[in-house]
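**Student:** My structure is in structure11.cif, and what it holds is mmCIF, C-alpha atoms:
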```cif
data_run
loop_
_atom_site.label_atom_id
_atom_site.label_comp_id
_atom_site.auth_asym_id
_atom_site.auth_seq_id
_atom_site.Cartn_x
_atom_site.Cartn_y
_atom_site.Cartn_z
CA MET A 1 -45.17 -218.43 28.14
CA LYS A 2 -43.22 -221.71 28.15
CA ARG A 3 -39.81 -221.95 29.81
CA ALA A 4 -36.85 -222.80 27.64
CA GLY A 5 -35.82 -226.43 27.84
CA GLN A 6 -39.28 -227.76 28.91
CA LYS A 7 -40.98 -230.37 26.73
CA VAL A 8 -44.25 -229.46 24.97
CA VAL A 9 -47.04 -232.04 24.56
CA ALA A 10 -49.94 -231.15 22.25
CA GLY A 11 -49.26 -227.46 22.71
CA THR A 12 -49.61 -227.60 26.50
CA GLU A 13 -47.18 -227.52 29.39
CA ALA A 14 -45.78 -230.93 30.27
CA PRO A 15 -47.49 -232.57 33.27
CA GLY A 16 -45.60 -232.26 36.53
CA THR A 17 -43.56 -229.28 35.35
CA SER A 18 -44.43 -227.12 38.33
CA GLN A 19 -43.53 -229.94 40.77
CA THR A 20 -40.19 -230.56 38.98
CA SER A 21 -39.46 -226.84 39.07
CA LYS A 22 -39.95 -226.79 42.83
CA LYS A 23 -37.55 -229.69 43.24
CA GLN A 24 -35.03 -227.92 41.07
CA LYS A 25 -35.21 -224.86 43.31
CA THR A 26 -34.25 -226.94 46.34
CA SER A 27 -31.10 -228.33 44.71
CA LEU A 28 -27.74 -226.90 45.68
CA TYR A 29 -27.60 -224.26 42.97
CA GLY A 30 -31.38 -223.64 42.72
CA SER A 31 -32.10 -225.01 39.22
CA GLY A 32 -30.67 -226.49 36.09
CA PHE A 33 -31.08 -230.26 36.52
CA GLY A 34 -34.20 -232.34 36.80
CA GLU A 35 -34.71 -235.03 39.44
CA SER A 36 -34.02 -237.87 37.00
CA ASP A 37 -30.80 -236.33 35.68
CA PRO A 38 -27.76 -238.40 36.82
CA CYS A 39 -25.87 -235.16 37.51
CA THR A 40 -28.38 -233.98 40.13
CA LEU A 41 -26.51 -232.20 42.96
CA MET A 42 -27.37 -233.01 46.56
CA ASP A 43 -27.93 -230.68 49.44
CA TRP A 44 -24.72 -230.46 51.57
CA GLY A 45 -26.75 -231.47 54.60
CA SER A 46 -27.81 -234.69 52.85
CA LEU A 47 -24.27 -235.99 52.23
CA PRO A 48 -23.62 -239.43 53.79
CA HIS A 49 -21.81 -239.47 57.11
CA HIS A 50 -18.73 -241.19 55.67
CA VAL A 51 -18.35 -238.50 52.99
CA ILE A 52 -18.60 -235.65 55.51
CA LEU A 53 -16.16 -237.50 57.77
CA ARG A 54 -13.66 -237.73 54.93
CA VAL A 55 -13.99 -233.99 54.26
CA PHE A 56 -13.44 -233.21 57.95
CA GLN A 57 -10.25 -235.29 58.05
CA PHE A 58 -8.62 -232.85 55.60
CA LEU A 59 -9.50 -229.76 57.63
CA THR A 60 -7.52 -228.06 60.37
CA LEU A 61 -9.12 -228.11 63.79
CA VAL A 62 -10.33 -224.51 63.51
CA ASP A 63 -11.90 -225.10 60.08
CA ARG A 64 -13.34 -228.37 61.33
CA ALA A 65 -14.99 -226.55 64.24
CA ARG A 66 -16.41 -223.90 61.90
CA ALA A 67 -17.74 -226.57 59.53
CA SER A 68 -19.52 -228.26 62.43
CA SER A 69 -21.83 -225.23 62.68
CA VAL A 70 -23.14 -225.63 59.12
CA CYS A 71 -26.01 -227.86 60.23
CA ARG A 72 -27.01 -230.44 62.83
CA ARG A 73 -25.83 -233.34 60.65
CA TRP A 74 -22.34 -231.87 60.27
CA ASN A 75 -22.20 -231.23 64.00
CA GLU A 76 -22.99 -234.90 64.62
CA VAL A 77 -20.13 -235.94 62.34
CA PHE A 78 -17.81 -233.50 64.16
CA HIS A 79 -18.17 -235.70 67.27
CA ILE A 80 -17.80 -239.12 65.63
CA PRO A 81 -14.99 -240.97 67.51
CA ASP A 82 -13.19 -241.93 64.27
CA LEU A 83 -12.48 -238.25 63.64
CA TRP A 84 -10.53 -237.93 66.89
CA ARG A 85 -8.33 -241.02 66.81
CA ARG A 86 -5.49 -239.08 65.13
CA PHE A 87 -4.79 -235.53 66.28
CA GLU A 88 -1.98 -232.98 66.46
CA PHE A 89 -2.03 -230.27 69.11
CA GLU A 90 -0.29 -227.14 67.83
CA LEU A 91 1.02 -224.90 70.60
CA SER A 92 2.89 -221.66 70.01
CA GLN A 93 3.18 -218.10 71.26
CA PRO A 94 1.64 -215.65 68.73
CA ALA A 95 4.09 -212.89 69.62
CA THR A 96 7.19 -214.95 68.81
CA SER A 97 6.11 -217.71 66.44
CA TYR A 98 4.79 -217.99 62.89
CA LEU A 99 3.12 -221.31 63.70
CA LYS A 100 -0.62 -221.59 64.09
CA SER A 101 -1.85 -222.52 67.52
CA THR A 102 -4.79 -224.68 68.57
CA HIS A 103 -7.30 -222.50 70.44
CA PRO A 104 -7.39 -223.29 74.20
CA ASP A 105 -11.20 -223.57 74.23
CA LEU A 106 -11.08 -226.19 71.50
CA ILE A 107 -8.38 -228.10 73.38
CA GLN A 108 -10.58 -228.24 76.47
CA GLN A 109 -13.52 -229.40 74.38
CA ILE A 110 -11.41 -232.17 72.86
CA ILE A 111 -10.14 -233.34 76.24
CA LYS A 112 -13.64 -233.25 77.75
CA ARG A 113 -15.41 -235.12 74.96
CA HIS A 114 -12.77 -237.09 73.08
CA ALA A 115 -9.86 -237.96 75.38
CA ASP A 116 -10.93 -241.62 75.38
CA HIS A 117 -10.93 -241.63 71.55
CA LEU A 118 -7.41 -240.28 71.03
CA GLN A 119 -4.98 -242.94 69.80
CA TYR A 120 -2.41 -241.22 67.57
CA VAL A 121 -1.39 -237.96 69.24
CA SER A 122 1.41 -235.49 68.57
CA PHE A 123 2.29 -232.13 70.06
CA LYS A 124 3.97 -229.54 67.86
CA VAL A 125 5.50 -226.69 69.85
CA ASP A 126 7.72 -223.71 69.09
CA SER A 127 10.87 -222.78 71.03
CA SER A 128 9.10 -221.07 73.92
CA THR A 129 8.98 -222.65 77.37
CA GLU A 130 5.33 -221.59 77.70
CA SER A 131 4.33 -223.76 74.74
CA ALA A 132 6.17 -226.79 76.10
CA GLU A 133 4.59 -226.33 79.53
CA ALA A 134 1.16 -226.08 77.90
CA ALA A 135 1.83 -229.40 76.16
CA CYS A 136 2.75 -230.98 79.51
CA ASP A 137 -0.46 -229.63 81.04
CA ILE A 138 -2.50 -231.29 78.28
CA LEU A 139 -0.63 -234.57 78.70
CA SER A 140 -1.44 -234.49 82.41
CA GLN A 141 -5.16 -234.39 81.60
CA LEU A 142 -5.19 -237.47 79.35
CA VAL A 143 -6.15 -239.82 82.16
CA ASN A 144 -8.93 -241.57 80.25
CA CYS A 145 -7.01 -242.15 77.05
CA SER A 146 -5.52 -245.24 75.46
CA ILE A 147 -2.88 -243.70 73.21
CA LYS A 148 -0.97 -245.92 70.78
CA THR A 149 1.34 -243.32 69.24
CA LEU A 150 2.83 -240.30 71.02
CA GLY A 151 5.03 -237.65 69.40
CA LEU A 152 6.55 -234.53 70.95
CA ILE A 153 7.87 -232.27 68.19
CA SER A 154 9.92 -229.15 68.85
CA THR A 155 10.30 -226.89 65.83
CA ALA A 156 13.27 -225.19 67.51
CA LYS A 157 15.35 -225.56 70.66
CA PRO A 158 15.16 -225.38 73.64
CA SER A 159 11.38 -225.89 74.11
CA PHE A 160 10.86 -229.05 76.24
CA MET A 161 14.41 -228.90 77.58
CA ASN A 162 13.47 -225.74 79.52
CA VAL A 163 10.59 -227.45 81.28
CA SER A 164 11.42 -228.78 84.73
CA LYS A 165 12.28 -232.47 84.67
CA ALA A 166 9.73 -233.17 87.41
CA HIS A 167 6.89 -231.47 85.48
CA PHE A 168 7.77 -233.29 82.26
CA ALA A 169 8.16 -236.69 83.93
CA SER A 170 4.88 -236.28 85.79
CA ALA A 171 3.01 -235.48 82.57
CA LEU A 172 4.52 -238.43 80.71
CA THR A 173 3.77 -240.77 83.59
CA VAL A 174 0.05 -240.03 83.23
CA VAL A 175 0.15 -241.24 79.62
CA PHE A 176 2.48 -244.18 80.29
CA VAL A 177 0.34 -245.47 83.17
CA ASN A 178 -3.10 -244.96 81.63
CA SER A 179 -2.50 -245.95 78.00
CA LYS A 180 -1.06 -249.48 78.46
CA SER A 181 -0.97 -250.01 74.67
CA LEU A 182 1.72 -247.58 73.48
CA SER A 183 3.45 -248.89 70.37
CA SER A 184 5.28 -245.81 69.01
CA ILE A 185 6.97 -242.99 70.97
CA LYS A 186 8.96 -240.11 69.44
CA ILE A 187 10.24 -237.72 72.09
CA ASP A 188 13.49 -236.11 70.92
CA ASP A 189 15.11 -233.19 72.78
CA THR A 190 13.25 -233.71 76.04
CA PRO A 191 14.15 -234.14 79.75
CA LEU A 192 13.04 -237.79 79.66
CA ASP A 193 14.84 -239.80 82.35
CA ASP A 194 15.43 -243.40 83.44
CA PRO A 195 12.58 -243.55 86.02
CA SER A 196 10.14 -242.45 83.29
CA LEU A 197 11.39 -245.25 81.04
CA LYS A 198 10.84 -247.75 83.84
CA VAL A 199 7.21 -246.61 84.13
CA LEU A 200 6.85 -246.92 80.35
CA VAL A 201 8.23 -250.46 80.38
CA ALA A 202 6.15 -251.52 83.37
CA ASN A 203 2.92 -250.63 81.60
CA ASN A 204 3.64 -251.05 77.87
CA SER A 205 6.37 -253.71 77.51
CA ASP A 206 4.13 -256.00 75.44
CA THR A 207 3.15 -253.35 72.90
CA LEU A 208 6.14 -251.00 72.42
CA LYS A 209 7.64 -251.32 68.93
CA LEU A 210 9.27 -247.93 68.24
CA LEU A 211 11.20 -245.70 70.62
CA LYS A 212 12.81 -242.55 69.23
CA MET A 213 14.54 -240.44 71.85
CA SER A 214 17.63 -238.71 70.51
CA SER A 215 19.09 -235.82 72.52
CA CYS A 216 17.66 -236.88 75.87
CA PRO A 217 20.61 -236.13 78.19
CA HIS A 218 18.94 -237.50 81.35
CA VAL A 219 18.64 -241.02 79.91
CA SER A 220 21.54 -243.34 80.67
CA PRO A 221 22.66 -246.58 78.98
CA ALA A 222 21.04 -248.42 81.91
CA GLY A 223 17.67 -246.89 81.01
CA ILE A 224 17.92 -248.08 77.43
CA LEU A 225 19.05 -251.53 78.59
CA CYS A 226 15.89 -251.71 80.69
CA VAL A 227 13.81 -251.10 77.55
CA ALA A 228 15.82 -253.54 75.42
CA ASP A 229 15.64 -256.31 78.04
CA GLN A 230 11.91 -256.07 78.68
CA CYS A 231 10.28 -254.79 75.46
CA HIS A 232 10.74 -257.94 73.40
CA GLY A 233 8.62 -256.58 70.54
CA LEU A 234 10.82 -253.53 69.99
CA LYS A 235 11.43 -253.12 66.24
CA GLU A 236 12.83 -249.57 65.90
CA LEU A 237 15.15 -247.67 68.19
CA ALA A 238 16.67 -244.19 67.77
CA LEU A 239 19.15 -242.74 70.25
CA ASN A 240 22.33 -240.72 70.68
CA TYR A 241 25.67 -242.42 70.24
CA TYR A 242 26.71 -241.69 73.82
CA ILE A 243 24.03 -244.16 74.98
CA LEU A 244 25.09 -246.88 72.53
CA SER A 245 27.21 -249.57 74.14
CA ASP A 246 28.43 -253.11 73.61
CA GLU A 247 26.06 -254.23 76.39
CA LEU A 248 23.06 -252.66 74.63
CA LEU A 249 23.86 -254.31 71.30
CA LEU A 250 24.25 -257.68 73.04
CA ALA A 251 20.92 -257.16 74.81
CA LEU A 252 19.26 -256.45 71.46
CA SER A 253 20.91 -259.64 70.15
CA SER A 254 19.63 -261.95 72.86
CA GLU A 255 17.41 -264.89 72.00
CA LYS A 256 14.42 -263.44 73.83
CA HIS A 257 14.50 -260.25 71.74
CA VAL A 258 12.72 -260.12 68.38
CA ASP A 259 14.60 -259.06 65.26
CA LEU A 260 15.32 -255.34 65.30
CA GLU A 261 14.40 -253.65 61.98
CA HIS A 262 15.82 -250.12 62.40
CA LEU A 263 18.53 -248.75 64.65
CA ARG A 264 19.18 -245.01 64.23
CA ILE A 265 22.19 -243.44 65.93
CA ASP A 266 22.80 -239.68 66.08
CA VAL A 267 26.47 -238.80 66.55
CA VAL A 268 26.46 -235.14 67.56
CA SER A 269 29.08 -232.73 68.87
CA GLU A 270 28.27 -229.16 69.84
CA ASN A 271 31.77 -228.17 71.03
CA PRO A 272 34.63 -229.00 68.66
CA GLY A 273 37.33 -231.14 70.21
CA GLN A 274 35.63 -231.44 73.59
CA VAL A 275 33.90 -234.79 73.07
CA GLN A 276 35.77 -238.10 73.27
CA PHE A 277 33.76 -240.79 71.48
CA HIS A 278 34.02 -244.41 72.56
CA THR A 279 34.46 -247.34 70.19
CA ILE A 280 31.95 -250.16 69.73
CA LYS A 281 33.55 -253.59 69.34
CA LYS A 282 33.19 -255.47 66.07
CA GLN A 283 31.95 -258.54 67.98
CA SER A 284 29.00 -256.53 69.32
CA TRP A 285 28.02 -255.31 65.85
CA ASP A 286 28.38 -258.86 64.52
CA ALA A 287 26.12 -260.24 67.23
CA LEU A 288 23.37 -257.76 66.33
CA VAL A 289 23.54 -258.53 62.61
CA LYS A 290 23.63 -262.28 63.25
CA HIS A 291 20.49 -261.98 65.36
CA SER A 292 18.74 -259.46 63.05
CA PRO A 293 20.31 -259.98 59.59
CA LYS A 294 17.99 -257.48 57.87
CA VAL A 295 18.44 -254.66 60.37
CA ASN A 296 18.99 -251.15 58.97
CA ILE A 297 21.66 -249.32 60.95
CA VAL A 298 21.39 -245.59 60.25
CA MET A 299 24.02 -243.13 61.49
CA TYR A 300 23.74 -239.33 61.35
CA PHE A 301 27.06 -237.54 61.92
CA PHE A 302 27.33 -233.92 63.01
CA LEU A 303 31.00 -233.87 64.03
CA TYR A 304 34.08 -231.83 63.31
CA GLU A 305 36.85 -233.44 61.29
CA ASP A 306 39.13 -234.13 64.26
CA GLU A 307 36.40 -236.05 66.12
CA PHE A 308 36.02 -239.04 63.77
CA ASP A 309 38.93 -241.05 65.13
CA ALA A 310 36.79 -243.67 66.92
CA PHE A 311 34.68 -244.61 63.88
CA PHE A 312 35.03 -247.17 61.07
CA ARG A 313 38.50 -248.38 62.01
CA GLU A 314 37.20 -251.92 61.56
CA GLU A 315 34.21 -253.44 59.82
CA THR A 316 30.93 -251.78 60.82
CA PRO A 317 27.53 -253.03 59.52
CA VAL A 318 26.08 -249.54 58.94
CA THR A 319 23.56 -249.33 56.07
CA HIS A 320 22.78 -245.59 55.86
CA LEU A 321 25.31 -242.81 56.48
CA TYR A 322 24.63 -239.05 56.59
CA PHE A 323 27.39 -236.52 57.20
CA GLY A 324 25.97 -233.10 58.06
CA ARG A 325 29.38 -231.43 58.38
CA ALA A 326 32.65 -231.74 56.51
CA VAL A 327 34.17 -235.20 56.49
CA SER A 328 37.77 -235.95 55.49
CA LYS A 329 39.05 -238.03 52.57
CA ALA A 330 40.58 -240.41 55.11
CA MET A 331 37.19 -241.05 56.72
CA LEU A 332 35.55 -241.72 53.34
CA GLY A 333 38.41 -244.11 52.62
CA ARG A 334 37.63 -246.01 55.83
CA ILE A 335 33.98 -246.23 54.80
CA GLY A 336 34.98 -247.80 51.50
CA MET A 337 37.10 -250.35 53.35
CA ASN A 338 34.87 -251.20 56.32
CA CYS A 339 31.17 -250.67 55.46
CA PRO A 340 30.21 -253.57 53.16
CA ARG A 341 26.47 -253.32 54.03
CA LEU A 342 26.24 -249.64 53.00
CA ILE A 343 23.06 -248.79 51.07
CA GLU A 344 22.95 -244.98 51.19
CA LEU A 345 25.66 -242.34 51.59
CA VAL A 346 25.13 -238.57 51.84
CA VAL A 347 28.11 -236.23 52.21
CA CYS A 348 27.11 -232.60 52.66
CA ALA A 349 30.68 -231.26 52.58
CA ASN A 350 34.29 -232.36 52.17
CA GLY A 351 36.57 -229.65 50.88
CA LEU A 352 38.60 -228.97 47.76
CA GLN A 353 40.31 -232.34 47.33
CA PRO A 354 38.77 -234.56 44.60
CA LEU A 355 37.14 -237.70 45.98
CA ASP A 356 37.66 -239.87 42.89
CA ASP A 357 39.62 -242.68 44.57
CA GLU A 358 37.34 -242.80 47.60
CA LEU A 359 34.16 -243.01 45.50
CA ILE A 360 35.61 -245.71 43.26
CA GLN A 361 36.62 -247.75 46.31
CA ILE A 362 33.11 -247.37 47.76
CA ALA A 363 31.57 -248.48 44.46
CA GLU A 364 33.90 -251.48 44.33
CA ARG A 365 33.44 -252.73 47.90
CA CYS A 366 29.93 -251.55 48.87
CA LYS A 367 27.92 -253.86 46.62
CA ASN A 368 24.57 -252.85 48.15
CA LEU A 369 24.95 -249.11 47.52
CA THR A 370 21.82 -247.75 45.82
CA ALA A 371 21.73 -244.08 46.87
CA MET A 372 24.38 -241.36 46.85
CA GLY A 373 24.31 -237.63 47.56
CA LEU A 374 27.20 -235.17 47.39
CA GLY A 375 27.07 -231.51 48.42
CA GLU A 376 30.06 -229.21 48.82
CA CYS A 377 32.66 -231.67 47.51
CA GLU A 378 34.75 -232.08 44.38
CA VAL A 379 34.88 -234.99 41.94
CA THR A 380 36.38 -235.00 38.45
CA CYS A 381 34.00 -235.88 35.64
CA ARG A 382 36.21 -238.84 34.73
CA GLY A 383 36.19 -240.16 38.32
CA PHE A 384 32.44 -239.65 38.68
CA ILE A 385 31.67 -241.54 35.48
CA GLU A 386 33.90 -244.41 36.62
CA PHE A 387 32.00 -244.51 39.93
CA VAL A 388 28.62 -244.59 38.15
CA LYS A 389 29.87 -247.19 35.68
CA MET A 390 30.90 -249.51 38.53
CA CYS A 391 27.58 -249.06 40.36
CA GLY A 392 25.48 -249.30 37.20
CA GLY A 393 21.69 -249.46 37.31
CA ARG A 394 21.59 -250.29 41.02
CA LEU A 395 21.92 -246.54 41.79
CA THR A 396 18.25 -245.66 42.16
CA GLN A 397 19.03 -242.24 43.71
CA LEU A 398 21.92 -240.04 42.62
CA SER A 399 21.83 -236.46 43.87
CA ILE A 400 24.96 -234.49 42.91
CA MET A 401 25.21 -230.72 42.78
CA GLU A 402 26.57 -229.43 39.47
CA GLU A 403 29.27 -227.44 41.30
CA VAL A 404 30.73 -230.72 42.61
CA LEU A 405 31.76 -231.92 39.14
CA ILE A 406 35.10 -230.76 37.72
CA PRO A 407 35.28 -230.88 33.88
CA ASP A 408 38.46 -232.43 32.46
CA SER A 409 40.02 -232.98 29.05
CA ASP A 410 37.89 -236.06 28.38
CA TYR A 411 34.48 -234.99 29.63
CA SER A 412 32.53 -231.75 29.54
CA LEU A 413 29.39 -231.41 31.63
CA ASP A 414 27.20 -231.93 28.54
CA ARG A 415 28.91 -235.18 27.66
CA LEU A 416 28.85 -236.25 31.30
CA HIS A 417 25.03 -236.07 31.33
CA LEU A 418 24.86 -238.52 28.43
CA GLU A 419 27.46 -240.92 29.83
CA VAL A 420 25.92 -241.07 33.29
CA SER A 421 22.43 -241.52 31.83
CA LYS A 422 23.70 -244.41 29.71
CA HIS A 423 25.16 -246.27 32.69
CA LEU A 424 22.14 -245.61 34.93
CA GLY A 425 19.68 -246.68 32.25
CA ARG A 426 17.64 -243.49 32.66
CA MET A 427 17.91 -239.78 31.96
CA TRP A 428 20.01 -238.03 34.60
CA PHE A 429 21.11 -234.44 35.28
CA PRO A 430 23.00 -232.98 38.25
CA ASP A 431 20.99 -231.00 40.79
CA MET A 432 20.98 -227.25 41.08
CA MET A 433 20.55 -227.71 44.83
CA PRO A 434 20.67 -230.81 47.05
CA THR A 435 17.44 -232.81 47.38
CA TRP A 436 18.18 -234.65 50.64
#
```
What would you get if you wrote out this structure as structure tokens?

**Tutor:**
Amino acid sequence: MKRAGQKVVAGTEAPGTSQTSKKQKTSLYGSGFGESDPCTLMDWGSLPHHVILRVFQFLTLVDRARASSVCRRWNEVFHIPDLWRRFEFELSQPATSYLKSTHPDLIQQIIKRHADHLQYVSFKVDSSTESAEAACDILSQLVNCSIKTLGLISTAKPSFMNVSKAHFASALTVVFVNSKSLSSIKIDDTPLDDPSLKVLVANNSDTLKLLKMSSCPHVSPAGILCVADQCHGLKELALNYYILSDELLLALSSEKHVDLEHLRIDVVSENPGQVQFHTIKKQSWDALVKHSPKVNIVMYFFLYEDEFDAFFREETPVTHLYFGRAVSKAMLGRIGMNCPRLIELVVCANGLQPLDDELIQIAERCKNLTAMGLGECEVTCRGFIEFVKMCGGRLTQLSIMEEVLIPDSDYSLDRLHLEVSKHLGRMWFPDMMPTW
């Protein structure tokens, strides 16, 4: 009896049918396509190395390890150096954290076989001291590595801050001394100190381009000056405001320093009224912008209303401003008067006083403004439309919660949608919740 779908020649079975059938049985799903069919499916073990490698790059470490046991070919790909250039160690305590954790046996296997391949490494830890200490232990073992990017990420405080300063510094020193080609370092909320920075500079001054180290209380302005004076390729710097100084800005503005591209400053107060913030001179800001005219100066504020006195009393070349707590009308008025380079403004809260005049002044004087976000604030529909009309199509991002807008006799919310859309040149609606 002839099988369905097989060709018949002179009433007999087509030559080679039995051989084709055998080949069909060895395909991935057993049968259905002949060898000459363009849709023929390959055996998983016959996939090219670069295809398997691409699949592995999308898998978590545990799934990657499991996949390596499929066959010898997949196990070979599992150990290709390209697969281990970029890696994130996840460290958490199962009893107290919802995060997944990299299995200790796999970590040891990685260190044993692939430490010299690691180039882009990050450590994600939960709030437990045990997880942070485990991360330090791994760092201490990376003696044969040549890391280019290092990130220490705490999903919650205190984490690294509970590790002894000596243990943390010792672990970092191993990486700083042995890598010698570090270009990007992100180590927020850690006990990093000035001696550690000196080791970093001594071994990586020619390669360091990004240093992000907000909330590092053991670092002094002198430590940052050491980095600024010697790392002439530094392009991005992120730090707390208490470290920022006129001397640092002038160091970043010296002829031997390359143009800085991003300067991020976190202005944080944990205890209301107990922090006295210093003032940076206008001449120092001017020197930085003259040296690096395209620099983005980003400031994140987490202050209480009575702590803003030192800021924006004279022209400040900030480009991006984020206010995580309530900010007064007076402060927003200062921004409109003294921040001509402003590109983005996000105000999470203000109060119950309409901000019409302040927004209109910002639109009038901040000619580079392209992004605006308002949270728990109030603006009349009339004032908001006037603000949008003055900014026009240059507002590429406009995130306003619907509760912010106060209808008036001229504009309902429905009409406001149409008016704002007309001035922006695109369809626009207020947000149900903030998107920043």

**Student:** Just so the selection is clear, what residues does the PyMOL selection byres ((chain A and resi 256) around 12) cover here, as a count of residues only?

**Tutor:** 18

**Student:** Taking all atoms of stretch 178-194 of chain A that the file lists and extending 8 Å past them on each side, where is the centre of the axis-aligned box and how long are its edges? Answer in Å to one decimal, as lines of an AutoDock Vina configuration file.

**Tutor:**
```
center_x = 6.2
center_y = -241.6
center_z = 76.2
size_x = 34.5
size_y = 32.8
size_z = 30.4
```

**Student:** Nearest to A:Trp428 among A:Ser196, A:Ser269, A:Ser127, A:Ser399, with distances taken over only C-alpha atoms: which residue is it?

**Tutor:**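 For A:Trp428, the nearest of the candidates is A:Ser399.
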
**Student:** Work out how far apart atom CA of A:Leu91 and atom CA of A:Gln57 are and give it in Å to one decimal.

**Tutor:**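 Spanning atom CA of A:Leu91 to atom CA of A:Gln57 is a straight-line distance of 19.8 Å.
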
**Student:** Stretch 71-73 of chain A: which residues within 9 Å, counting all atoms listed in the file, same-chain residues fewer than 5 positions away excluded, as an NGL selection string?

**Tutor:** :A and (45-47 or 49 or 78)

**Student:** Residue by residue, what does the PyMOL selection byres ((chain A and resi 235-237) around 7) grab here? Present the result as a list in words.

**Tutor:** Lys209, Leu210, Leu211, Lys212, Gly233, Leu234, Ala238, Leu239, Asp259, Leu260, Glu261, His262, Leu263 and Arg264 of chain A

**Student:** Would you write out, as a PyMOL selection string, every residue that the PyMOL selection byres ((chain A and resi 328) around 10) captures in this file?

**Tutor:** chain A and resi 304-306+308+325-327+329-333+349-351+353+355

**Student:** What does the structure give for the distance between atom CA of A:Phe384 and atom CA of A:Asp356, in Å to one decimal?

**Tutor:**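 Distance between the two atoms: 6.7 Å.
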
**Student:** For atom CA of A:Met372 and atom CA of A:Ile187, quote the distance in Å rounded to one decimal.

**Tutor:**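 We find that atom CA of A:Met372 and atom CA of A:Ile187 lie 29.2 Å from each other.
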
**Student:** Neighbours of A:Leu321 within 10 Å (only C-alpha atoms; same-chain residues fewer than 5 positions away dropped), as an MDAnalysis selection string?

**Tutor:** chainID A and resid 265 297:301 335 339 342:347 372

**Student:** List as a PyMOL selection string the protein and nucleic acid residues near A:Trp84, meaning an atom at most 7 Å away when only C-alpha atoms are counted, but skip any in the same chain fewer than 5 places from it.

**Tutor:** chain A and resi 114+117-118

**Student:** Generate the output file for the selected residues, C-alpha atoms, as an mmCIF file, in the frame of the given file.

**Tutor:**
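This went into part_37.cif:
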```cif
data_model
loop_
_atom_site.group_PDB
_atom_site.id
_atom_site.type_symbol
_atom_site.label_atom_id
_atom_site.label_comp_id
_atom_site.auth_asym_id
_atom_site.auth_seq_id
_atom_site.Cartn_x
_atom_site.Cartn_y
_atom_site.Cartn_z
ATOM 1 C CA HIS A 114 -12.770 -237.090 73.080
ATOM 2 C CA HIS A 117 -10.930 -241.630 71.550
ATOM 3 C CA LEU A 118 -7.410 -240.280 71.030
#
```

**Student:** Which polymer residues have any atom within 9 Å of an atom of stretch 197-200 of chain A, counting all atoms listed in the file, with same-chain residues fewer than 2 positions away left out, as a PyMOL selection string?

**Tutor:** chain A and resi 172-173+175-177+180+182+192-195+202-205+208+219+223-224+226-227

**Student:** Which polymer residues have any atom within 10 Å of an atom of A:Leu106, counting all atoms listed in the file, with same-chain residues fewer than 5 positions away left out, as a count of residues only?

**Tutor:** 5

**Student:** Find, counting all atoms listed in the file, the residue in A:Val77, A:Val420, A:Met161, A:Leu83 that gets nearest to A:Leu398.

**Tutor:**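 Counting all atoms listed in the file, the residue closest to A:Leu398 is A:Val420.
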
**Student:** Counting all atoms listed in the file, which of A:Glu403, A:Asp357, A:Asp414, A:Asp246 gets nearest to A:Glu376?

**Tutor:**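 Ranking A:Glu403, A:Asp357, A:Asp414, A:Asp246 by distance to A:Glu376, first place goes to A:Glu403.
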
**Student:** With all atoms listed in the file as the basis for distance, which of A:Val143, A:Ile110, A:Ile153, A:Val289 is at the shortest distance from A:Lys124?

**Tutor:**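 Nearest to A:Lys124: A:Ile153.
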
**Student:** Between A:Gln109, A:Ser164, A:Ser214, A:Ser154, which residue has the minimum interatomic distance to A:Ile138, considering all atoms listed in the file?

**Tutor:**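 Distance minimum relative to A:Ile138 lands on A:Gln109.
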